[in-house]
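Step one of this worksheet: look at the structure below.
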Amino acid sequence: MAEKQNLADWYDEKYGKMHNPPLFEQLGGSGAVDAAVDIFYRKVLNDKRINHFFEGVDMDKQAAKQKAFLTMAFGGPHNYTGLDMRKGHAHLVTQGLNDSHFDAVMENLAGTLKELGVADNLIGQVAAIAESTRDDVLGR
Amino acid sequence: MTTIRYGNKSLELAENQSVLDCLNGHGIPIPYACRTGVCQNCLMRATDGTPPAASQIGLKDSLRLSSHFLACACRPTENLDVALPDDALPSTHALVSGLELLNHDIMRVDLEALSPFEYRAGQFINLVRDSSHVRSYSLASVPRLDKHIHLHVRRLPKGRVSGWIHEELSIGQRVEIRGPSGDCIYLPGKPEQALLLIGTGSGLAPLYGILRDALDQGHQGPVRLFHGSRDFHGLYLMDELRKMERRFPNFSYFPCVSASHVPAGFVAGRVHEAALRETHELKGWRVFLCGHPEMVKQTRKSAYLAGAALRDIHADAFNVSHA
């Protein structure tokens, strides 16, 4: 056991400590976000459960917001706060935005990542970050 | 010390300060949201100098090429003149060198710039009648192929500028233009990609430029142009486009008429519906949309839902109050 430990230390010393790169890099960084936005937003606009919330919005602006959201969910750099999430969705909450809609978005997010061939354990990590915004998005 | 210039103000950048923080810090309101180079709310344009590569990450190629950058991610080490995307277009004088009616209400205006004027087919300029009457017109000419600048100006009812152009402008007259601007342009580099161009009315102007630019640069993939109007009198350049169809086997032209009387050789129906009927799977296509704002908005969405990637959809919705 002690010998093994020493071997591990020796490797660490020689090759640097092995560690998993951050989630954002494992997913492929901002290039991966771009690919994901394209698929994710198309799924959302095709999803009858939620697409009425997106009627008449400016597509370019909306895609930029989706990109900011996915960058955050991918563990990438972002400045979004819970307050931004609340403010940004308040008008939708008054239109009836609820858990079922949030679930639909989560489903589209997981579907997007599956389509991109992302490993299940990474999908789980992305989903957990996205899930952490639920109460703010729904204004609770 | 790096200096940035915005309008008539010269501002010193603090060490490692972003252009966004510098401008906002001096009370110049530049829109922003994420401050991490993602949301693209703080999009600006360099009017002189080269924006650092890091400030152009994630931008469409057409924006990158036209010196746009994200102010929050822009920490230049060389002096930079900056403007909001629609502001501060450089002014040039030009002589009217040709006026020709293309149909009953669209006039081709040829302009000879009096100083070097660099542009790309599909961009637009602002034509100045006087300080309170300025209108945007798309460029139908291709710098490599045409000696002068070409505009297609539709006469609008009570149009203060379009009426002036149709009735008063004369050959040899000197006018002021501002620009160019806009990123609805053809970028070489993917010659095999399929191109779909959809326009209504004088929205043909930028498409005509983009089309000739692409074919002249040897674009190999299929190129489809759908030009629509209510009745066939509203269409124009039909002979030229049919000639191009014969010359370039990869190019097809679909003149569309939405009124009930559809003469032989024309496609029945609204232009965007006809286009998506003909081409319902757009995965991998590059799409250009110009003309009626509502058509552009709807088609942008349907093209995306039909599989076109967001960054491959280019649009130049001319605002009716601007035309």
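Naming scheme: A, B, ... for chains in displayed order of the structure tokens; residues 1 onward per chain; ligands 1 onward as shown.
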
Chain B residues near chain A within 8 Å, closest pair each, using only C-alpha atoms, as CSV:
```
residue,atom,partner,partner_atom,distance
B:Cys34,CA,A:Asn79,CA,5.4
B:Arg35,CA,A:Asn79,CA,6.9
B:Thr36,CA,A:His78,CA,6.1
B:Val38,CA,A:Ala68,CA,5.8
B:Cys39,CA,A:Ala64,CA,4.9
B:Gln40,CA,A:Ala64,CA,6.6
B:Gly58,CA,A:Ser30,CA,7.7
B:Lys301,CA,A:Met59,CA,7.5
B:Tyr304,CA,A:Arg42,CA,7.2
B:Leu305,CA,A:Arg42,CA,5.9
B:Ala309,CA,A:Asp38,CA,6.2
B:Leu310,CA,A:Asp38,CA,6.5
```

Write the selection just made, keeping all heavy atoms, as a CSV table (one decimal), in the first residue's frame?
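Written output follows (again23.csv):
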```csv
chain,number,residue,atom,x,y,z
B,34,CYS,N,-23.8,40.0,-20.3
B,34,CYS,CA,-23.1,39.0,-19.6
B,34,CYS,C,-21.7,39.4,-19.2
B,34,CYS,O,-21.1,38.9,-18.3
B,34,CYS,CB,-23.0,37.7,-20.5
B,34,CYS,SG,-21.8,37.8,-21.8
B,35,ARG,N,-21.1,40.4,-20.0
B,35,ARG,CA,-19.7,40.8,-19.7
B,35,ARG,C,-18.7,39.8,-19.8
B,35,ARG,O,-17.6,39.9,-19.3
B,35,ARG,CB,-19.6,41.5,-18.4
B,35,ARG,CG,-20.7,42.6,-18.1
B,35,ARG,CD,-20.6,43.1,-16.7
B,35,ARG,NE,-19.3,43.8,-16.6
B,35,ARG,CZ,-19.3,45.2,-16.6
B,35,ARG,NH1,-20.4,45.9,-16.7
B,35,ARG,NH2,-18.1,45.8,-16.5
B,36,THR,N,-19.0,38.7,-20.5
B,36,THR,CA,-18.0,37.6,-20.6
B,36,THR,C,-17.8,37.2,-22.1
B,36,THR,O,-17.4,36.1,-22.4
B,36,THR,CB,-18.3,36.4,-19.8
B,36,THR,OG1,-19.7,36.0,-20.1
B,36,THR,CG2,-18.2,36.6,-18.3
B,38,VAL,N,-20.1,36.5,-24.3
B,38,VAL,CA,-21.0,35.5,-24.8
B,38,VAL,C,-22.3,36.0,-25.4
B,38,VAL,O,-22.7,35.6,-26.5
B,38,VAL,CB,-21.3,34.5,-23.6
B,38,VAL,CG1,-22.4,33.6,-24.0
B,38,VAL,CG2,-20.1,33.8,-23.2
B,39,CYS,N,-22.9,37.0,-24.7
B,39,CYS,CA,-24.3,37.3,-25.1
B,39,CYS,C,-24.3,38.2,-26.4
B,39,CYS,O,-25.4,38.3,-27.0
B,39,CYS,CB,-25.0,38.0,-24.0
B,39,CYS,SG,-24.6,39.7,-23.7
B,40,GLN,N,-23.3,38.9,-26.7
B,40,GLN,CA,-23.1,39.8,-27.9
B,40,GLN,C,-24.0,41.0,-27.8
B,40,GLN,O,-24.3,41.6,-28.8
B,40,GLN,CB,-23.4,39.0,-29.2
B,40,GLN,CG,-22.5,37.7,-29.3
B,40,GLN,CD,-22.5,37.1,-30.7
B,40,GLN,OE1,-23.1,37.6,-31.6
B,40,GLN,NE2,-21.7,36.1,-30.8
B,58,GLY,N,-16.5,33.9,-31.4
B,58,GLY,CA,-17.9,33.6,-31.4
B,58,GLY,C,-18.8,34.5,-32.3
B,58,GLY,O,-20.0,34.2,-32.5
B,301,LYS,N,-37.3,32.2,-39.2
B,301,LYS,CA,-37.7,31.1,-38.3
B,301,LYS,C,-37.9,29.8,-39.0
B,301,LYS,O,-37.4,28.8,-38.6
B,301,LYS,CB,-38.9,31.5,-37.5
B,301,LYS,CG,-39.3,30.6,-36.4
B,301,LYS,CD,-40.4,31.2,-35.5
B,301,LYS,CE,-41.0,30.2,-34.6
B,301,LYS,NZ,-42.0,30.8,-33.7
B,304,TYR,N,-34.7,28.2,-40.1
B,304,TYR,CA,-33.9,27.6,-39.0
B,304,TYR,C,-34.6,26.3,-38.6
B,304,TYR,O,-33.9,25.3,-38.4
B,304,TYR,CB,-33.9,28.6,-37.8
B,304,TYR,CG,-33.4,28.0,-36.5
B,304,TYR,CD1,-32.1,27.6,-36.4
B,304,TYR,CD2,-34.2,28.0,-35.4
B,304,TYR,CE1,-31.6,27.0,-35.2
B,304,TYR,CE2,-33.8,27.5,-34.2
B,304,TYR,CZ,-32.5,27.0,-34.1
B,304,TYR,OH,-32.0,26.5,-32.9
B,305,LEU,N,-35.9,26.3,-38.5
B,305,LEU,CA,-36.6,25.1,-38.1
B,305,LEU,C,-36.4,24.0,-39.2
B,305,LEU,O,-36.5,22.8,-38.9
B,305,LEU,CB,-38.1,25.3,-37.8
B,305,LEU,CG,-38.4,26.2,-36.6
B,305,LEU,CD1,-39.9,26.4,-36.4
B,305,LEU,CD2,-37.8,25.5,-35.3
B,309,ALA,N,-28.4,26.3,-40.0
B,309,ALA,CA,-27.8,26.8,-38.7
B,309,ALA,C,-28.0,28.3,-38.6
B,309,ALA,O,-28.0,29.0,-39.6
B,309,ALA,CB,-26.3,26.4,-38.7
B,310,LEU,N,-28.1,28.7,-37.3
B,310,LEU,CA,-28.4,30.2,-37.1
B,310,LEU,C,-27.3,31.0,-37.8
B,310,LEU,O,-27.6,32.1,-38.3
B,310,LEU,CB,-28.4,30.5,-35.6
B,310,LEU,CG,-29.6,30.0,-34.8
B,310,LEU,CD1,-29.4,30.1,-33.3
B,310,LEU,CD2,-30.8,30.9,-35.2
```

(request) Write out as a VMD selection string the residues lying within 8 Å of Leu27 (chain A), counting only C-alpha atoms and excluding same-chain residues fewer than 2 positions away. (result) chain A and resid 23 to 25 29 32 74 118 122

Atoms kept (all heavy atoms) for selection, written as a compact mmCIF listing (two decimals), in the first residue's frame:
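Here's the written file part.txt:
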```txt
# COMPACT_ATOMS: atom_id res chain seq x y z
N LEU A 23 -15.48 20.87 -16.37
CA LEU A 23 -16.62 20.42 -17.17
C LEU A 23 -16.67 21.13 -18.52
O LEU A 23 -16.84 20.49 -19.56
CB LEU A 23 -17.91 20.69 -16.38
CG LEU A 23 -19.23 20.33 -17.07
CD1 LEU A 23 -19.30 18.83 -17.34
CD2 LEU A 23 -20.42 20.78 -16.23
N PHE A 24 -16.52 22.47 -18.49
CA PHE A 24 -16.64 23.27 -19.71
C PHE A 24 -15.68 22.77 -20.79
O PHE A 24 -16.04 22.64 -21.95
CB PHE A 24 -16.36 24.74 -19.38
CG PHE A 24 -16.69 25.70 -20.49
CD1 PHE A 24 -17.97 25.76 -21.03
CD2 PHE A 24 -15.72 26.57 -20.98
CE1 PHE A 24 -18.28 26.65 -22.04
CE2 PHE A 24 -16.02 27.47 -21.99
CZ PHE A 24 -17.30 27.51 -22.52
N GLU A 25 -14.43 22.45 -20.37
CA GLU A 25 -13.46 21.95 -21.35
C GLU A 25 -13.77 20.53 -21.79
O GLU A 25 -13.59 20.17 -22.95
CB GLU A 25 -12.05 22.05 -20.79
CG GLU A 25 -11.41 23.38 -21.12
CD GLU A 25 -10.53 23.89 -20.02
OE1 GLU A 25 -9.63 23.14 -19.61
OE2 GLU A 25 -10.77 25.02 -19.55
N GLY A 29 -15.84 23.35 -24.77
CA GLY A 29 -15.72 24.81 -24.73
C GLY A 29 -16.77 25.53 -25.56
O GLY A 29 -17.85 24.99 -25.83
N ALA A 32 -18.51 23.98 -28.58
CA ALA A 32 -19.58 23.03 -28.26
C ALA A 32 -20.86 23.75 -27.90
O ALA A 32 -21.97 23.30 -28.22
CB ALA A 32 -19.14 22.13 -27.10
N PHE A 74 -23.00 24.64 -18.92
CA PHE A 74 -21.82 23.84 -19.28
C PHE A 74 -20.65 24.11 -18.32
O PHE A 74 -19.56 23.62 -18.54
CB PHE A 74 -21.37 24.17 -20.71
CG PHE A 74 -22.15 23.49 -21.79
CD1 PHE A 74 -23.47 23.09 -21.59
CD2 PHE A 74 -21.58 23.24 -23.03
CE1 PHE A 74 -24.20 22.47 -22.60
CE2 PHE A 74 -22.30 22.61 -24.06
CZ PHE A 74 -23.61 22.23 -23.83
N VAL A 118 -22.71 13.44 -26.04
CA VAL A 118 -22.08 13.73 -24.75
C VAL A 118 -22.33 12.56 -23.79
O VAL A 118 -23.43 12.00 -23.75
CB VAL A 118 -22.65 15.04 -24.16
CG1 VAL A 118 -22.12 15.30 -22.77
CG2 VAL A 118 -22.31 16.20 -25.09
N LEU A 122 -21.56 13.42 -17.90
CA LEU A 122 -21.44 14.86 -18.14
C LEU A 122 -22.83 15.49 -18.31
O LEU A 122 -23.08 16.60 -17.83
CB LEU A 122 -20.59 15.14 -19.39
CG LEU A 122 -19.12 14.69 -19.32
CD1 LEU A 122 -18.39 15.08 -20.60
CD2 LEU A 122 -18.42 15.29 -18.10
```

(request) Mind checking which residues fall within 8 Å of region 245-255 of chain B, counting only C-alpha atoms, ignoring those fewer than 4 positions away in the same chain, and posting them as a count of residues only? (result) 15

(message) Which of region 93-226 of chain B end up as strand (DSSP E or B) when DSSP is run on this backbone - answer as a VMD selection string?
(response) chain B and resid 93 to 101 106 to 113 124 to 130 133 to 139 149 to 154 174 to 181 195 to 200 223 to 226

Hey, can you spit out that residue selection with C-alpha atoms as a PDB file, in the first residue's frame?
```pdb
ATOM      1  CA  HIS B  93     -19.490  61.994 -52.057  1.00  0.00           C
ATOM      2  CA  ALA B  94     -20.613  60.488 -55.306  1.00  0.00           C
ATOM      3  CA  LEU B  95     -21.895  61.564 -58.702  1.00  0.00           C
ATOM      4  CA  VAL B  96     -25.100  60.157 -60.135  1.00  0.00           C
ATOM      5  CA  SER B  97     -23.886  58.334 -63.247  1.00  0.00           C
ATOM      6  CA  GLY B  98     -27.007  56.501 -64.318  1.00  0.00           C
ATOM      7  CA  LEU B  99     -30.770  56.391 -63.733  1.00  0.00           C
ATOM      8  CA  GLU B 100     -32.836  53.610 -65.251  1.00  0.00           C
ATOM      9  CA  LEU B 101     -36.314  52.347 -64.457  1.00  0.00           C
ATOM     10  CA  ILE B 106     -38.101  50.629 -59.084  1.00  0.00           C
ATOM     11  CA  MET B 107     -35.227  52.792 -60.311  1.00  0.00           C
ATOM     12  CA  ARG B 108     -31.657  51.707 -60.689  1.00  0.00           C
ATOM     13  CA  VAL B 109     -29.399  54.495 -59.446  1.00  0.00           C
ATOM     14  CA  ASP B 110     -25.724  54.327 -60.427  1.00  0.00           C
ATOM     15  CA  LEU B 111     -23.268  56.276 -58.323  1.00  0.00           C
ATOM     16  CA  GLU B 112     -19.645  57.013 -58.990  1.00  0.00           C
ATOM     17  CA  ALA B 113     -17.817  57.518 -55.705  1.00  0.00           C
ATOM     18  CA  PHE B 124     -26.077  48.913 -47.608  1.00  0.00           C
ATOM     19  CA  ILE B 125     -25.399  52.636 -47.655  1.00  0.00           C
ATOM     20  CA  ASN B 126     -27.347  55.609 -46.397  1.00  0.00           C
ATOM     21  CA  LEU B 127     -28.199  58.112 -49.083  1.00  0.00           C
ATOM     22  CA  VAL B 128     -28.486  61.670 -47.807  1.00  0.00           C
ATOM     23  CA  ARG B 129     -31.018  64.035 -49.323  1.00  0.00           C
ATOM     24  CA  ASP B 130     -30.476  66.544 -46.513  1.00  0.00           C
ATOM     25  CA  HIS B 133     -33.833  62.915 -44.856  1.00  0.00           C
ATOM     26  CA  VAL B 134     -31.491  59.949 -44.962  1.00  0.00           C
ATOM     27  CA  ARG B 135     -32.487  56.502 -46.190  1.00  0.00           C
ATOM     28  CA  SER B 136     -30.782  53.115 -46.363  1.00  0.00           C
ATOM     29  CA  TYR B 137     -30.405  51.330 -49.695  1.00  0.00           C
ATOM     30  CA  SER B 138     -28.760  47.987 -50.359  1.00  0.00           C
ATOM     31  CA  LEU B 139     -25.892  47.644 -52.797  1.00  0.00           C
ATOM     32  CA  ILE B 149     -22.310  51.519 -57.226  1.00  0.00           C
ATOM     33  CA  HIS B 150     -25.846  50.328 -58.031  1.00  0.00           C
ATOM     34  CA  LEU B 151     -28.952  50.842 -55.903  1.00  0.00           C
ATOM     35  CA  HIS B 152     -32.518  49.711 -56.594  1.00  0.00           C
ATOM     36  CA  VAL B 153     -34.861  52.360 -55.272  1.00  0.00           C
ATOM     37  CA  ARG B 154     -38.547  51.616 -55.011  1.00  0.00           C
ATOM     38  CA  ARG B 174     -23.452  65.211 -56.515  1.00  0.00           C
ATOM     39  CA  VAL B 175     -24.855  63.348 -53.510  1.00  0.00           C
ATOM     40  CA  GLU B 176     -23.588  62.295 -50.101  1.00  0.00           C
ATOM     41  CA  ILE B 177     -23.579  58.640 -49.110  1.00  0.00           C
ATOM     42  CA  ARG B 178     -22.700  57.158 -45.714  1.00  0.00           C
ATOM     43  CA  GLY B 179     -21.432  53.691 -45.148  1.00  0.00           C
ATOM     44  CA  PRO B 180     -21.138  50.964 -46.190  1.00  0.00           C
ATOM     45  CA  SER B 181     -22.574  48.866 -43.415  1.00  0.00           C
ATOM     46  CA  LEU B 195     -27.277  28.787 -51.173  1.00  0.00           C
ATOM     47  CA  LEU B 196     -30.899  29.859 -50.904  1.00  0.00           C
ATOM     48  CA  LEU B 197     -31.741  33.504 -51.623  1.00  0.00           C
ATOM     49  CA  ILE B 198     -35.245  34.791 -50.936  1.00  0.00           C
ATOM     50  CA  GLY B 199     -36.378  38.358 -51.557  1.00  0.00           C
ATOM     51  CA  THR B 200     -39.421  40.510 -52.165  1.00  0.00           C
ATOM     52  CA  VAL B 223     -27.714  28.488 -55.825  1.00  0.00           C
ATOM     53  CA  ARG B 224     -31.461  29.153 -55.793  1.00  0.00           C
ATOM     54  CA  LEU B 225     -33.001  32.591 -56.030  1.00  0.00           C
ATOM     55  CA  PHE B 226     -36.678  33.136 -55.221  1.00  0.00           C
TER      56      PHE B 226
END
```

(request) Write out as a VMD selection string which residues come within 12 Å of Arg49 (chain A) when counting only C-alpha atoms, dropping same-chain ones fewer than 2 positions away. (result) chain A and resid 43 to 47 51 to 54 96 to 105 107 to 108

(request) Skip Ala90 (chain A) itself and residues of its chain fewer than 4 positions away, then list as a PyMOL selection string all residues within 7 Å of it, counting only C-alpha atoms. (result) chain A and resi 86+94+139

Take the residues from that selection and put them in a file with C-alpha atoms, as an mmCIF file, in the first residue's frame.
```cif
data_model
loop_
_atom_site.group_PDB
_atom_site.id
_atom_site.type_symbol
_atom_site.label_atom_id
_atom_site.label_comp_id
_atom_site.auth_asym_id
_atom_site.auth_seq_id
_atom_site.Cartn_x
_atom_site.Cartn_y
_atom_site.Cartn_z
ATOM 1 C CA ARG A 86 -35.771 36.121 -11.872
ATOM 2 C CA THR A 94 -47.216 35.970 -15.032
ATOM 3 C CA GLY A 139 -39.797 33.224 -9.275
#
```

(message) Using Å and a single decimal, report how far CA of Asp231 (chain B) sits from CA of Ala259 (chain B).
(response) 5.6 Å

(request) Once DSSP has gone over the backbone, tell me which residues of region 87-169 of chain B are in helix (DSSP H, G or I), as number ranges by chain. (result) B: 160-167

So that I have them on file, write out the residues from the current selection with N, CA and C atoms, as a short mmCIF file (atom, residue, chain, number, x, y, z; two decimals), in the first residue's frame.
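selection35.cif, written as the output of this step:
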```cif
data_model
loop_
_atom_site.label_atom_id
_atom_site.label_comp_id
_atom_site.auth_asym_id
_atom_site.auth_seq_id
_atom_site.Cartn_x
_atom_site.Cartn_y
_atom_site.Cartn_z
N ARG B 160 -40.28 60.66 -49.13
CA ARG B 160 -39.56 61.94 -49.24
C ARG B 160 -38.23 61.78 -49.95
N VAL B 161 -37.58 60.63 -49.73
CA VAL B 161 -36.30 60.42 -50.40
C VAL B 161 -36.52 59.66 -51.71
N SER B 162 -37.35 58.60 -51.67
CA SER B 162 -37.55 57.84 -52.91
C SER B 162 -38.23 58.71 -53.98
N GLY B 163 -39.14 59.58 -53.56
CA GLY B 163 -39.79 60.49 -54.51
C GLY B 163 -38.78 61.46 -55.12
N TRP B 164 -37.90 61.96 -54.28
CA TRP B 164 -36.83 62.87 -54.73
C TRP B 164 -35.92 62.15 -55.74
N ILE B 165 -35.58 60.90 -55.42
CA ILE B 165 -34.71 60.13 -56.32
C ILE B 165 -35.41 59.92 -57.66
N HIS B 166 -36.69 59.55 -57.62
CA HIS B 166 -37.40 59.24 -58.86
C HIS B 166 -37.68 60.50 -59.68
N GLU B 167 -37.96 61.62 -59.02
CA GLU B 167 -38.40 62.80 -59.78
C GLU B 167 -37.33 63.85 -60.01
#
```
